[in-house]
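Peer 1: Quick one: this structure, given as structure tokens, is what I'll be asking you about.
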Amino acid sequence: MTQSIIGKSVPRPDAFDKVTGGKGYPVNIKLPGMLHGKILRSPYPHAKILNVDTRAAEQLPGVKAVLVPADCPKRKYTTVYFVPTDALSMVQDMLVMSDTVRYAGQPVAAVAATSVAIAEAALELIDVEYEELPCVFDPEQAMAPGAPQLHEHAQNNIAVNPEMEFGDLDAGFAEADHIFEGVYTTQRVHTCYMEPRVCVVDAEANGNMTVHSSMQHLFGLRQKLAYVLEIPESRVRVIKPPYIGGGFGGKLDIGYIEPIAALLSRQANRPVRIEQTRYEDFITTARHPIKVYLKTGVKKDGTFTARYAKSILDTGAHATHGAEVINVHGMFGFFLTYRCANRKWEGYSVYTNNMVGGGFRGYGSPQACFAVESQIDEICDELELDPVEFRRKNAHHQGDPHPFLQGMKLDSYAFDECLVRGAEQIGFAGRGRPNADDGHKKRGVGLACQPLWVSGCLGFPDIYEHSGAIIKLNPDGTADLNTAVMDLGSGQITTLCQIAAEGLGLPMEAVRITETADTTTVPFDAPSHASRVTYASGTVVLAAARVVRQRLLEVAGVMLEVSAEDLEVSAGTISVKGSPDTTLTVAEVVQRAESPYIQVGDEGPAPTTVEEKGTIIGLASSAPAGNPSPAAVGFVAVEVDTETGHVQVERVVYAHDLGKVINPNAAEGQVEGGVQQGIGYALMEDLQFEENSGACLTADFLDYKILTAVEMPRKIESIFIESDEPTGPFGAKSLSEPCITVPAPAIANAIYNAIGVRIRELPITPEKILAALGKL
């Protein structure tokens with residue numbers, strides 16, 4: 001008996017709920033007696049708060065609590081969920097509210113009232129007296145002598161300054177036949193999740209707190225909130241929502257809203273809800289802008305001899321994710337991506353008076369990939385080398401030592417096949433030379449790669465990487481899966497249910513995620529981030545399923561008077577191997593396991609056996625066995641109108657080594673979503689700020705341009721290469737993040753192929769294209 005749910009596109013269990021109103025979204029949480037919180041934000045990018053007068057606000061009918069910096073704990077912390085609160089690799093520089101403002105929009109007071117309108121009116125009545133301070137918005141200027149000092153601990157405003165070096169860089173450049181240098185700049189972009197940041201906190205009289213929030217990590221929120229409020233973690237209970245309305249890394253840290261709502265709730269002794277406006281969301285989190293100085297030495301045949309990069313990241317007013325993004329950017333965007341005997345990277349995460357940066361899909365790699373893959377194409381064009389063969393020559397290969405994890409190998413690694421199959425499908429060998437087309441509309445083809453990535457965070461200093469799952473069988477033959485994994489809208493729950501169903505031998509529809517779970521009822525799991533859920537959480541779900549399956553067969557063996565090893569289960573039916581007519585249903589076995597020891601039948605009371613009794617349940621909790629690298633290559637075809645500067649991406653071919661496809665539709669959705677975000681990053685998205693005040697000018701989707709369905713490519717083709725990862729569930733490893741990493745450099749390279757001019761700054765707008773063509 002066999003079944004195969006793996007590799008099939010199954011419906012999402014939460015699909016009907018979402019299309020009929022999405023009651024599970026945290027934004028829809030309402031509690032009895034709930035108040036509404038609002039936050040007053042500074043209009044100045046750098047200032048000292050001299051006085052906050054809240055008397056008029058407190059007297060407004062309906063206002064139940066008012067919070068100012070003097071009311072808040074003074075314990076500094078890092079907001080990032082996936083590290084311990086005292087992690088030395090992170091910078092503890094945040095306060096719930098501070099007497100010093102470091103960016104326009106920083107919270108300076110808050111109120112809770114019986115309605116949103118009253119809370120907003122109360123904010124208007126709060127009088128804050130500021131002393132303005134000098135500002136700095138450019139990270140290179142912030143590092144210069146005489147720049148305003150934003151944090152006492154950070155000399156020259158440098159939050160962290162990691163370096164990596166291997167080999168002899170000077171000798172490598174001396175060996176080179178050619179040396180290429182360039183500067184590549186990326187912009188600040190928002191994650192654009194559908195559901196805003198929102199929370200409801202209920203601080204009880206006994207000191208306990210119950211928290212509902214749209215976030216990406218159940219236990220991270222509990223840990224950080226307890227730390228900030230200086231209370232035991234056991235006092236904080238975080239409720240897991242069935243799903244959230246998107247995250248993309250933008251909800252990987254505790255915001256201001258959770259601790260502020262908690263403190264207001266304490267004051268008022270009532271639940272407090274805070275929902276950010278779209279403007280507030282836009283100034284809460286963004287991908288960090290990074291400027292990369294890149295220098296590369298190559299031989300005539302295209303072999304790397306030396307690689308050097310200096311990356312300057314604008315972390316904004318506080319370090320938060322910037323302390324880790326810069327490391328991922330350096331390692332997986334530059335240092336480890338291609339083989340080279342001599343290489344060095346220097347990173348600078350720099351404080352400015354800009355908004356704070358956060359997590360975003362790719363976590364520093366898109367910025368590096370734009371620089372590295374753009375320069376590789378420049379090298380190939382100058383030396384007349386094949387861009388595909390150049391990358392193959394310098395790539396890692398299957399069986400090589402893992403460049404990041406000591407003692408491990410690249411056991412499943414099909415980067416070479418990604419390059420070859422993608423190039424064949426788009427016809428890369430037949431592309432023309434740069435600026436070859438006649439007329440004002442010119443076409444070009446480009447490629448870019450993410451040669452090395454992760455399937456989680458095993459091996460990263462100070463980052464959590466373990467998972468847990470509980471599976472329980474029910475008397476009707478169904479199974480409940482209990483896990484702390486957050487479904488961000490990209491189908492994490494569907495994938496885990498498929499893995500559980502296959503491992504249990506049940507139909508897909510027989511497995512469901514438990515509807516009520518919180519930090520007191522589920523085992524720890526790391527966040528939904530770092531492309532980890534299918535591989536890391538999936539491995540633990542499969543382990544729990546195997547525990548359950550073994551116990552199920554043991555009970556069935558007692559009932560059938562055979563050994564458990566002689567039984568198999570598929571599609572909810574248990575049978576004796578070689579005797580398919582001797583069967584039991586899973587429901588029959590579970591009912592027997594949970595039935596009374598002595599049962600009354602037609603012939604009176606009769607005992608069963610002790611061995612078969614008990615709930616059939618399994619628990620697994622562990623770290624994954626490895627951190628296998630996927631590989632990704634993106635090819636794009638574009639049309640550039642040289643009269644208007646408009647770029648249309650017409651076709652995308654994306655090849656990805658993901659080990660094993662669990663759900664083809666979900667995998668294609670990951671690719672298509674990543675392509676949409678990647679094209680927006682390449683061509684249009686850009687958070688704009690007023691030059692002197694630092695105020696955000698693109699604070700909603702009227703002013704902040706994102707790619708719509710009209711502008712999407714006509715054709716997106718996914719090539720999934722199954723390299724069968726030996727440590728992954730059913731051979732699977734990761735997919736998510738490289739989908740967003742490769743489009744921008746591939747588009748930049750295709751634009752060059754179309755019009756013959758190179759643009760090294762994102763986004764590549766029509767104005768930049770016309771300026772490069774000498775038409776502006």
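Ordered as shown in the structure tokens, chains take letters A, B, and onward, while each chain numbers its residues from 1 and ligands are numbered from 1 in the order shown.
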Would you kindly return, as a compact mmCIF listing (two decimals) with N, CA, C and O atoms, in the first residue's frame, each protein, DNA or RNA residue with an atom no farther than 8 Å from any atom of Thr100 (chain A), considering only C-alpha atoms and excluding same-chain residues fewer than 4 positions away?

Peer 2:
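As a result, part.txt now contains:
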# COMPACT_ATOMS: atom_id res chain seq x y z
N HIS A 46 15.78 64.57 15.05
CA HIS A 46 16.76 64.49 16.14
C HIS A 46 16.46 65.62 17.12
O HIS A 46 16.51 66.79 16.75
N ALA A 47 16.13 65.23 18.34
CA ALA A 47 15.74 66.26 19.32
C ALA A 47 15.80 65.68 20.72
O ALA A 47 15.75 64.47 20.93
N LYS A 48 15.89 66.61 21.66
CA LYS A 48 15.79 66.27 23.08
C LYS A 48 14.40 66.68 23.55
O LYS A 48 13.94 67.79 23.26
N ILE A 49 13.72 65.76 24.26
CA ILE A 49 12.41 66.09 24.81
C ILE A 49 12.62 66.79 26.14
O ILE A 49 13.19 66.22 27.09

Peer 1: Which polymer residues have any atom within 8 Å of an atom of Val548 (chain A), counting only C-alpha atoms, with same-chain residues fewer than 3 positions away left out, as a list in words?

Peer 2: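 Contacts, in chain order: Ile471, Lys472, Leu473, Leu504, Ala544, Ala545, Arg551, Leu552, Ile616, Ile617 and Gly618 of chain A.
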
Peer 1: Go ahead and write the residues just picked, N, CA, C and O atoms, as a PDB file, in the first residue's frame.

Peer 2:
ATOM      1  N   ILE A 471       1.670  15.798  17.406  1.00  0.00           N
ATOM      2  CA  ILE A 471       0.597  15.259  16.572  1.00  0.00           C
ATOM      3  C   ILE A 471      -0.221  14.283  17.411  1.00  0.00           C
ATOM      4  O   ILE A 471       0.330  13.402  18.075  1.00  0.00           O
ATOM      5  N   LYS A 472      -1.536  14.436  17.375  1.00  0.00           N
ATOM      6  CA  LYS A 472      -2.441  13.563  18.122  1.00  0.00           C
ATOM      7  C   LYS A 472      -3.496  13.015  17.179  1.00  0.00           C
ATOM      8  O   LYS A 472      -4.114  13.752  16.409  1.00  0.00           O
ATOM      9  N   LEU A 473      -3.709  11.693  17.255  1.00  0.00           N
ATOM     10  CA  LEU A 473      -4.758  11.069  16.462  1.00  0.00           C
ATOM     11  C   LEU A 473      -6.079  11.120  17.218  1.00  0.00           C
ATOM     12  O   LEU A 473      -6.132  10.985  18.444  1.00  0.00           O
ATOM     13  N   LEU A 504       2.158  10.066   8.325  1.00  0.00           N
ATOM     14  CA  LEU A 504       1.193   9.283   9.099  1.00  0.00           C
ATOM     15  C   LEU A 504       0.517   8.197   8.277  1.00  0.00           C
ATOM     16  O   LEU A 504       0.022   7.209   8.835  1.00  0.00           O
ATOM     17  N   ALA A 544       7.697  13.736  14.341  1.00  0.00           N
ATOM     18  CA  ALA A 544       6.542  13.510  15.214  1.00  0.00           C
ATOM     19  C   ALA A 544       5.558  12.538  14.563  1.00  0.00           C
ATOM     20  O   ALA A 544       4.979  11.668  15.234  1.00  0.00           O
ATOM     21  N   ALA A 545       5.365  12.674  13.255  1.00  0.00           N
ATOM     22  CA  ALA A 545       4.458  11.766  12.531  1.00  0.00           C
ATOM     23  C   ALA A 545       4.949  10.326  12.608  1.00  0.00           C
ATOM     24  O   ALA A 545       4.150   9.387  12.734  1.00  0.00           O
ATOM     25  N   ARG A 551       3.457   4.062  16.991  1.00  0.00           N
ATOM     26  CA  ARG A 551       2.529   3.676  18.055  1.00  0.00           C
ATOM     27  C   ARG A 551       1.215   3.157  17.478  1.00  0.00           C
ATOM     28  O   ARG A 551       0.617   2.201  17.989  1.00  0.00           O
ATOM     29  N   LEU A 552       0.745   3.789  16.400  1.00  0.00           N
ATOM     30  CA  LEU A 552      -0.470   3.336  15.728  1.00  0.00           C
ATOM     31  C   LEU A 552      -0.341   1.883  15.278  1.00  0.00           C
ATOM     32  O   LEU A 552      -1.245   1.060  15.492  1.00  0.00           O
ATOM     33  N   ILE A 616      -2.951   8.127  21.189  1.00  0.00           N
ATOM     34  CA  ILE A 616      -1.862   7.959  20.224  1.00  0.00           C
ATOM     35  C   ILE A 616      -1.373   9.355  19.853  1.00  0.00           C
ATOM     36  O   ILE A 616      -2.035  10.099  19.121  1.00  0.00           O
ATOM     37  N   ILE A 617      -0.232   9.708  20.394  1.00  0.00           N
ATOM     38  CA  ILE A 617       0.275  11.075  20.291  1.00  0.00           C
ATOM     39  C   ILE A 617       1.789  11.020  20.151  1.00  0.00           C
ATOM     40  O   ILE A 617       2.440  10.090  20.639  1.00  0.00           O
ATOM     41  N   GLY A 618       2.336  11.979  19.446  1.00  0.00           N
ATOM     42  CA  GLY A 618       3.790  12.020  19.252  1.00  0.00           C
ATOM     43  C   GLY A 618       4.321  13.428  19.365  1.00  0.00           C
ATOM     44  O   GLY A 618       3.665  14.390  18.945  1.00  0.00           O
TER      45      GLY A 618
END

Peer 1: Considering only C-alpha atoms, return as a PDB file with N, CA, C and O atoms, in the first residue's frame whatever protein or nucleic-acid residues lie within 12 Å of Ile493 (chain A), sequence-local ones (same chain, fewer than 2 positions apart) excluded.

Peer 2:
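And here's part-v7.pdb as it stands now:
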ATOM      1  N   VAL A  10      -2.247  20.521  -3.393  1.00  0.00           N
ATOM      2  CA  VAL A  10      -3.473  20.304  -2.621  1.00  0.00           C
ATOM      3  C   VAL A  10      -4.040  21.647  -2.199  1.00  0.00           C
ATOM      4  O   VAL A  10      -3.321  22.635  -2.059  1.00  0.00           O
ATOM      5  N   PRO A  11      -5.345  21.728  -1.963  1.00  0.00           N
ATOM      6  CA  PRO A  11      -5.952  22.997  -1.521  1.00  0.00           C
ATOM      7  C   PRO A  11      -5.421  23.406  -0.146  1.00  0.00           C
ATOM      8  O   PRO A  11      -5.101  22.559   0.693  1.00  0.00           O
ATOM      9  N   ARG A  12      -5.356  24.693   0.087  1.00  0.00           N
ATOM     10  CA  ARG A  12      -4.944  25.184   1.397  1.00  0.00           C
ATOM     11  C   ARG A  12      -6.080  25.002   2.406  1.00  0.00           C
ATOM     12  O   ARG A  12      -7.220  25.372   2.127  1.00  0.00           O
ATOM     13  N   PRO A  13      -5.779  24.473   3.593  1.00  0.00           N
ATOM     14  CA  PRO A  13      -6.833  24.274   4.594  1.00  0.00           C
ATOM     15  C   PRO A  13      -7.525  25.564   5.025  1.00  0.00           C
ATOM     16  O   PRO A  13      -8.683  25.536   5.433  1.00  0.00           O
ATOM     17  N   ASP A  14      -6.819  26.700   4.945  1.00  0.00           N
ATOM     18  CA  ASP A  14      -7.393  27.962   5.419  1.00  0.00           C
ATOM     19  C   ASP A  14      -8.018  28.796   4.303  1.00  0.00           C
ATOM     20  O   ASP A  14      -8.458  29.920   4.530  1.00  0.00           O
ATOM     21  N   ALA A  15      -8.080  28.239   3.087  1.00  0.00           N
ATOM     22  CA  ALA A  15      -8.520  29.037   1.939  1.00  0.00           C
ATOM     23  C   ALA A  15      -9.961  29.511   2.093  1.00  0.00           C
ATOM     24  O   ALA A  15     -10.272  30.684   1.872  1.00  0.00           O
ATOM     25  N   PRO A 241      -2.194  33.202  16.078  1.00  0.00           N
ATOM     26  CA  PRO A 241      -3.305  33.353  15.132  1.00  0.00           C
ATOM     27  C   PRO A 241      -3.271  32.224  14.101  1.00  0.00           C
ATOM     28  O   PRO A 241      -2.207  31.655  13.830  1.00  0.00           O
ATOM     29  N   PRO A 242      -4.410  31.883  13.494  1.00  0.00           N
ATOM     30  CA  PRO A 242      -4.393  30.850  12.446  1.00  0.00           C
ATOM     31  C   PRO A 242      -3.501  31.221  11.267  1.00  0.00           C
ATOM     32  O   PRO A 242      -2.940  30.357  10.604  1.00  0.00           O
ATOM     33  N   TYR A 243      -3.369  32.511  11.017  1.00  0.00           N
ATOM     34  CA  TYR A 243      -2.555  33.030   9.926  1.00  0.00           C
ATOM     35  C   TYR A 243      -2.443  34.529  10.123  1.00  0.00           C
ATOM     36  O   TYR A 243      -3.181  35.123  10.917  1.00  0.00           O
ATOM     37  N   ILE A 244      -1.509  35.152   9.416  1.00  0.00           N
ATOM     38  CA  ILE A 244      -1.417  36.610   9.403  1.00  0.00           C
ATOM     39  C   ILE A 244      -1.426  37.083   7.955  1.00  0.00           C
ATOM     40  O   ILE A 244      -1.198  36.292   7.033  1.00  0.00           O
ATOM     41  N   LEU A 481      -2.355  18.573  14.280  1.00  0.00           N
ATOM     42  CA  LEU A 481      -0.953  18.991  14.292  1.00  0.00           C
ATOM     43  C   LEU A 481      -0.842  20.285  15.077  1.00  0.00           C
ATOM     44  O   LEU A 481      -1.510  21.268  14.743  1.00  0.00           O
ATOM     45  N   ASN A 482      -0.023  20.281  16.091  1.00  0.00           N
ATOM     46  CA  ASN A 482       0.149  21.461  16.941  1.00  0.00           C
ATOM     47  C   ASN A 482       1.590  21.949  16.808  1.00  0.00           C
ATOM     48  O   ASN A 482       2.533  21.215  17.116  1.00  0.00           O
ATOM     49  N   THR A 483       1.738  23.164  16.327  1.00  0.00           N
ATOM     50  CA  THR A 483       3.065  23.720  16.081  1.00  0.00           C
ATOM     51  C   THR A 483       3.015  25.229  16.252  1.00  0.00           C
ATOM     52  O   THR A 483       1.962  25.850  16.076  1.00  0.00           O
ATOM     53  N   ALA A 484       4.148  25.815  16.596  1.00  0.00           N
ATOM     54  CA  ALA A 484       4.229  27.269  16.750  1.00  0.00           C
ATOM     55  C   ALA A 484       4.548  27.978  15.442  1.00  0.00           C
ATOM     56  O   ALA A 484       4.703  29.200  15.424  1.00  0.00           O
ATOM     57  N   VAL A 485       4.657  27.242  14.344  1.00  0.00           N
ATOM     58  CA  VAL A 485       4.981  27.861  13.049  1.00  0.00           C
ATOM     59  C   VAL A 485       3.891  28.852  12.657  1.00  0.00           C
ATOM     60  O   VAL A 485       2.705  28.541  12.698  1.00  0.00           O
ATOM     61  N   MET A 486       4.306  30.039  12.269  1.00  0.00           N
ATOM     62  CA  MET A 486       3.373  31.069  11.819  1.00  0.00           C
ATOM     63  C   MET A 486       3.183  30.961  10.309  1.00  0.00           C
ATOM     64  O   MET A 486       4.155  30.919   9.558  1.00  0.00           O
ATOM     65  N   ASP A 487       1.921  30.934   9.878  1.00  0.00           N
ATOM     66  CA  ASP A 487       1.617  30.958   8.446  1.00  0.00           C
ATOM     67  C   ASP A 487       1.472  32.410   8.027  1.00  0.00           C
ATOM     68  O   ASP A 487       0.574  33.121   8.481  1.00  0.00           O
ATOM     69  N   LEU A 488       2.365  32.866   7.156  1.00  0.00           N
ATOM     70  CA  LEU A 488       2.399  34.270   6.744  1.00  0.00           C
ATOM     71  C   LEU A 488       1.507  34.546   5.544  1.00  0.00           C
ATOM     72  O   LEU A 488       1.470  35.668   5.049  1.00  0.00           O
ATOM     73  N   GLY A 489       0.824  33.503   5.081  1.00  0.00           N
ATOM     74  CA  GLY A 489       0.023  33.648   3.874  1.00  0.00           C
ATOM     75  C   GLY A 489       0.621  32.927   2.694  1.00  0.00           C
ATOM     76  O   GLY A 489       0.025  32.872   1.616  1.00  0.00           O
ATOM     77  N   SER A 490       1.802  32.348   2.882  1.00  0.00           N
ATOM     78  CA  SER A 490       2.488  31.674   1.772  1.00  0.00           C
ATOM     79  C   SER A 490       2.377  30.157   1.838  1.00  0.00           C
ATOM     80  O   SER A 490       3.082  29.457   1.124  1.00  0.00           O
ATOM     81  N   GLY A 491       1.493  29.641   2.700  1.00  0.00           N
ATOM     82  CA  GLY A 491       1.189  28.215   2.672  1.00  0.00           C
ATOM     83  C   GLY A 491       2.031  27.340   3.569  1.00  0.00           C
ATOM     84  O   GLY A 491       2.111  26.128   3.359  1.00  0.00           O
ATOM     85  N   THR A 495       1.943  23.071   3.677  1.00  0.00           N
ATOM     86  CA  THR A 495       3.130  22.232   3.486  1.00  0.00           C
ATOM     87  C   THR A 495       3.339  21.297   4.667  1.00  0.00           C
ATOM     88  O   THR A 495       3.608  20.095   4.490  1.00  0.00           O
ATOM     89  N   LEU A 496       3.210  21.810   5.882  1.00  0.00           N
ATOM     90  CA  LEU A 496       3.416  20.974   7.057  1.00  0.00           C
ATOM     91  C   LEU A 496       2.332  19.906   7.172  1.00  0.00           C
ATOM     92  O   LEU A 496       2.612  18.774   7.598  1.00  0.00           O
ATOM     93  N   CYS A 497       1.104  20.238   6.815  1.00  0.00           N
ATOM     94  CA  CYS A 497       0.040  19.233   6.832  1.00  0.00           C
ATOM     95  C   CYS A 497       0.306  18.134   5.806  1.00  0.00           C
ATOM     96  O   CYS A 497       0.036  16.951   6.072  1.00  0.00           O
ATOM     97  N   GLN A 498       0.835  18.501   4.639  1.00  0.00           N
ATOM     98  CA  GLN A 498       1.181  17.482   3.642  1.00  0.00           C
ATOM     99  C   GLN A 498       2.262  16.549   4.173  1.00  0.00           C
ATOM    100  O   GLN A 498       2.178  15.322   4.006  1.00  0.00           O
ATOM    101  N   ILE A 499       3.286  17.119   4.787  1.00  0.00           N
ATOM    102  CA  ILE A 499       4.367  16.304   5.337  1.00  0.00           C
ATOM    103  C   ILE A 499       3.835  15.384   6.427  1.00  0.00           C
ATOM    104  O   ILE A 499       4.168  14.187   6.474  1.00  0.00           O
ATOM    105  N   ALA A 500       2.969  15.914   7.299  1.00  0.00           N
ATOM    106  CA  ALA A 500       2.400  15.101   8.368  1.00  0.00           C
ATOM    107  C   ALA A 500       1.531  13.988   7.800  1.00  0.00           C
ATOM    108  O   ALA A 500       1.609  12.829   8.243  1.00  0.00           O
ATOM    109  N   MET A 508      -4.784  13.821   3.029  1.00  0.00           N
ATOM    110  CA  MET A 508      -4.479  15.210   3.361  1.00  0.00           C
ATOM    111  C   MET A 508      -5.603  15.854   4.169  1.00  0.00           C
ATOM    112  O   MET A 508      -5.368  16.573   5.146  1.00  0.00           O
ATOM    113  N   VAL A 511      -5.771  15.707   8.157  1.00  0.00           N
ATOM    114  CA  VAL A 511      -4.804  16.385   9.025  1.00  0.00           C
ATOM    115  C   VAL A 511      -5.155  17.865   9.097  1.00  0.00           C
ATOM    116  O   VAL A 511      -5.396  18.511   8.076  1.00  0.00           O
ATOM    117  N   ARG A 512      -5.197  18.388  10.301  1.00  0.00           N
ATOM    118  CA  ARG A 512      -5.520  19.804  10.469  1.00  0.00           C
ATOM    119  C   ARG A 512      -4.593  20.418  11.522  1.00  0.00           C
ATOM    120  O   ARG A 512      -4.109  19.732  12.424  1.00  0.00           O
ATOM    121  N   ILE A 513      -4.378  21.699  11.387  1.00  0.00           N
ATOM    122  CA  ILE A 513      -3.643  22.453  12.395  1.00  0.00           C
ATOM    123  C   ILE A 513      -4.604  22.799  13.531  1.00  0.00           C
ATOM    124  O   ILE A 513      -5.748  23.196  13.283  1.00  0.00           O
ATOM    125  N   THR A 514      -4.153  22.653  14.762  1.00  0.00           N
ATOM    126  CA  THR A 514      -5.019  23.006  15.890  1.00  0.00           C
ATOM    127  C   THR A 514      -5.383  24.483  15.829  1.00  0.00           C
ATOM    128  O   THR A 514      -4.544  25.336  15.548  1.00  0.00           O
ATOM    129  N   GLU A 515      -6.661  24.778  16.082  1.00  0.00           N
ATOM    130  CA  GLU A 515      -7.159  26.143  15.934  1.00  0.00           C
ATOM    131  C   GLU A 515      -6.788  27.031  17.112  1.00  0.00           C
ATOM    132  O   GLU A 515      -6.756  28.252  16.987  1.00  0.00           O
ATOM    133  N   SER A 528       9.112  32.004  11.402  1.00  0.00           N
ATOM    134  CA  SER A 528       8.916  31.756   9.970  1.00  0.00           C
ATOM    135  C   SER A 528       9.768  32.774   9.228  1.00  0.00           C
ATOM    136  O   SER A 528       9.328  33.888   8.929  1.00  0.00           O
ATOM    137  N   VAL A 533      11.052  26.964   6.997  1.00  0.00           N
ATOM    138  CA  VAL A 533       9.922  26.193   7.509  1.00  0.00           C
ATOM    139  C   VAL A 533       9.830  24.805   6.878  1.00  0.00           C
ATOM    140  O   VAL A 533       9.697  23.800   7.586  1.00  0.00           O
ATOM    141  N   THR A 534       9.881  24.711   5.554  1.00  0.00           N
ATOM    142  CA  THR A 534       9.750  23.399   4.914  1.00  0.00           C
ATOM    143  C   THR A 534      10.837  22.452   5.397  1.00  0.00           C
ATOM    144  O   THR A 534      10.553  21.294   5.747  1.00  0.00           O
ATOM    145  N   SER A 537      11.262  23.033  10.153  1.00  0.00           N
ATOM    146  CA  SER A 537      10.018  22.657  10.836  1.00  0.00           C
ATOM    147  C   SER A 537       9.425  21.392  10.226  1.00  0.00           C
ATOM    148  O   SER A 537       8.875  20.549  10.938  1.00  0.00           O
ATOM    149  N   GLY A 538       9.552  21.251   8.914  1.00  0.00           N
ATOM    150  CA  GLY A 538       9.055  20.042   8.251  1.00  0.00           C
ATOM    151  C   GLY A 538       9.741  18.783   8.737  1.00  0.00           C
ATOM    152  O   GLY A 538       9.118  17.729   8.866  1.00  0.00           O
ATOM    153  N   VAL A 541       8.122  17.929  12.096  1.00  0.00           N
ATOM    154  CA  VAL A 541       6.762  17.422  11.881  1.00  0.00           C
ATOM    155  C   VAL A 541       6.819  15.973  11.400  1.00  0.00           C
ATOM    156  O   VAL A 541       6.054  15.109  11.882  1.00  0.00           O
ATOM    157  N   ASN A 663       4.726  20.922  -2.740  1.00  0.00           N
ATOM    158  CA  ASN A 663       3.452  21.379  -3.281  1.00  0.00           C
ATOM    159  C   ASN A 663       3.744  22.275  -4.485  1.00  0.00           C
ATOM    160  O   ASN A 663       4.159  23.428  -4.320  1.00  0.00           O
ATOM    161  N   ALA A 666       2.105  25.817  -4.573  1.00  0.00           N
ATOM    162  CA  ALA A 666       2.676  26.706  -3.563  1.00  0.00           C
ATOM    163  C   ALA A 666       4.070  27.154  -3.968  1.00  0.00           C
ATOM    164  O   ALA A 666       4.448  28.318  -3.763  1.00  0.00           O
TER     165      ALA A 666
END

Peer 1: Please identify every residue of region 87-156 of chain A that has at least one atom no farther than 9 Å from an atom of region 311-326 of chain A, counting only C-alpha atoms, and for each give the shortest atom pair and the distance in Å to one decimal, arranged by chain then increasing number, as a tab-separated table.

Peer 2:
residue	atom	partner	partner_atom	distance
A:Ser89	CA	A:Ala323	CA	7.4
A:Met90	CA	A:Ala323	CA	5.8
A:Val91	CA	A:Ala319	CA	6.2
A:Gln92	CA	A:Thr320	CA	8.0
A:Asp93	CA	A:His318	CA	6.4
A:Met94	CA	A:His318	CA	6.7
A:Val101	CA	A:Ala317	CA	8.8
A:Arg102	CA	A:Ala317	CA	5.4
A:Tyr103	CA	A:Ala317	CA	6.0
A:Phe137	CA	A:Gly316	CA	8.2
A:Asp138	CA	A:Asp314	CA	7.7
A:Pro139	CA	A:Asp314	CA	5.6
A:Glu140	CA	A:Ile312	CA	7.6
A:Leu150	CA	A:Ala317	CA	7.7
A:His151	CA	A:His318	CA	8.8

Peer 1: With N, CA, C and O atoms retained, export the selected residues as a short mmCIF file (atom, residue, chain, number, x, y, z; two decimals), in the first residue's frame.

Peer 2:
data_model
loop_
_atom_site.label_atom_id
_atom_site.label_comp_id
_atom_site.auth_asym_id
_atom_site.auth_seq_id
_atom_site.Cartn_x
_atom_site.Cartn_y
_atom_site.Cartn_z
N SER A 89 25.95 39.40 19.86
CA SER A 89 26.09 39.76 18.44
C SER A 89 25.16 40.90 18.04
O SER A 89 25.32 41.47 16.96
N MET A 90 24.21 41.22 18.89
CA MET A 90 23.25 42.29 18.59
C MET A 90 23.55 43.51 19.46
O MET A 90 24.28 43.43 20.44
N VAL A 91 22.97 44.63 19.09
CA VAL A 91 23.19 45.89 19.80
C VAL A 91 21.94 46.21 20.61
O VAL A 91 20.83 46.31 20.06
N GLN A 92 22.10 46.37 21.91
CA GLN A 92 20.97 46.70 22.79
C GLN A 92 20.88 48.24 22.89
O GLN A 92 21.52 48.86 23.73
N ASP A 93 20.10 48.84 22.01
CA ASP A 93 20.07 50.31 21.96
C ASP A 93 18.65 50.89 21.90
O ASP A 93 18.47 52.08 21.67
N MET A 94 17.63 50.04 22.10
CA MET A 94 16.24 50.50 22.00
C MET A 94 15.63 50.73 23.37
O MET A 94 15.94 50.03 24.33
N VAL A 101 14.95 61.86 20.74
CA VAL A 101 14.35 61.44 19.48
C VAL A 101 15.45 61.32 18.45
O VAL A 101 16.30 62.21 18.32
N ARG A 102 15.43 60.21 17.68
CA ARG A 102 16.50 59.99 16.69
C ARG A 102 15.97 59.82 15.27
O ARG A 102 16.77 59.64 14.35
N TYR A 103 14.66 59.85 15.08
CA TYR A 103 14.11 59.86 13.71
C TYR A 103 12.70 60.43 13.74
O TYR A 103 12.01 60.38 14.77
N PHE A 137 21.73 62.25 7.66
CA PHE A 137 20.91 61.27 6.96
C PHE A 137 21.70 60.35 6.04
O PHE A 137 21.19 59.31 5.63
N ASP A 138 22.92 60.71 5.72
CA ASP A 138 23.75 59.90 4.82
C ASP A 138 24.75 59.10 5.66
O ASP A 138 25.48 59.68 6.47
N PRO A 139 24.82 57.78 5.50
CA PRO A 139 25.71 56.99 6.36
C PRO A 139 27.19 57.31 6.20
O PRO A 139 27.95 57.25 7.18
N GLU A 140 27.63 57.66 4.99
CA GLU A 140 29.04 58.01 4.83
C GLU A 140 29.36 59.35 5.51
O GLU A 140 30.43 59.51 6.10
N LEU A 150 25.02 60.02 17.39
CA LEU A 150 23.64 59.62 17.65
C LEU A 150 23.51 58.69 18.84
O LEU A 150 22.46 58.66 19.49
N HIS A 151 24.54 57.89 19.11
CA HIS A 151 24.54 57.00 20.27
C HIS A 151 25.92 57.07 20.92
O HIS A 151 26.95 57.01 20.22
#
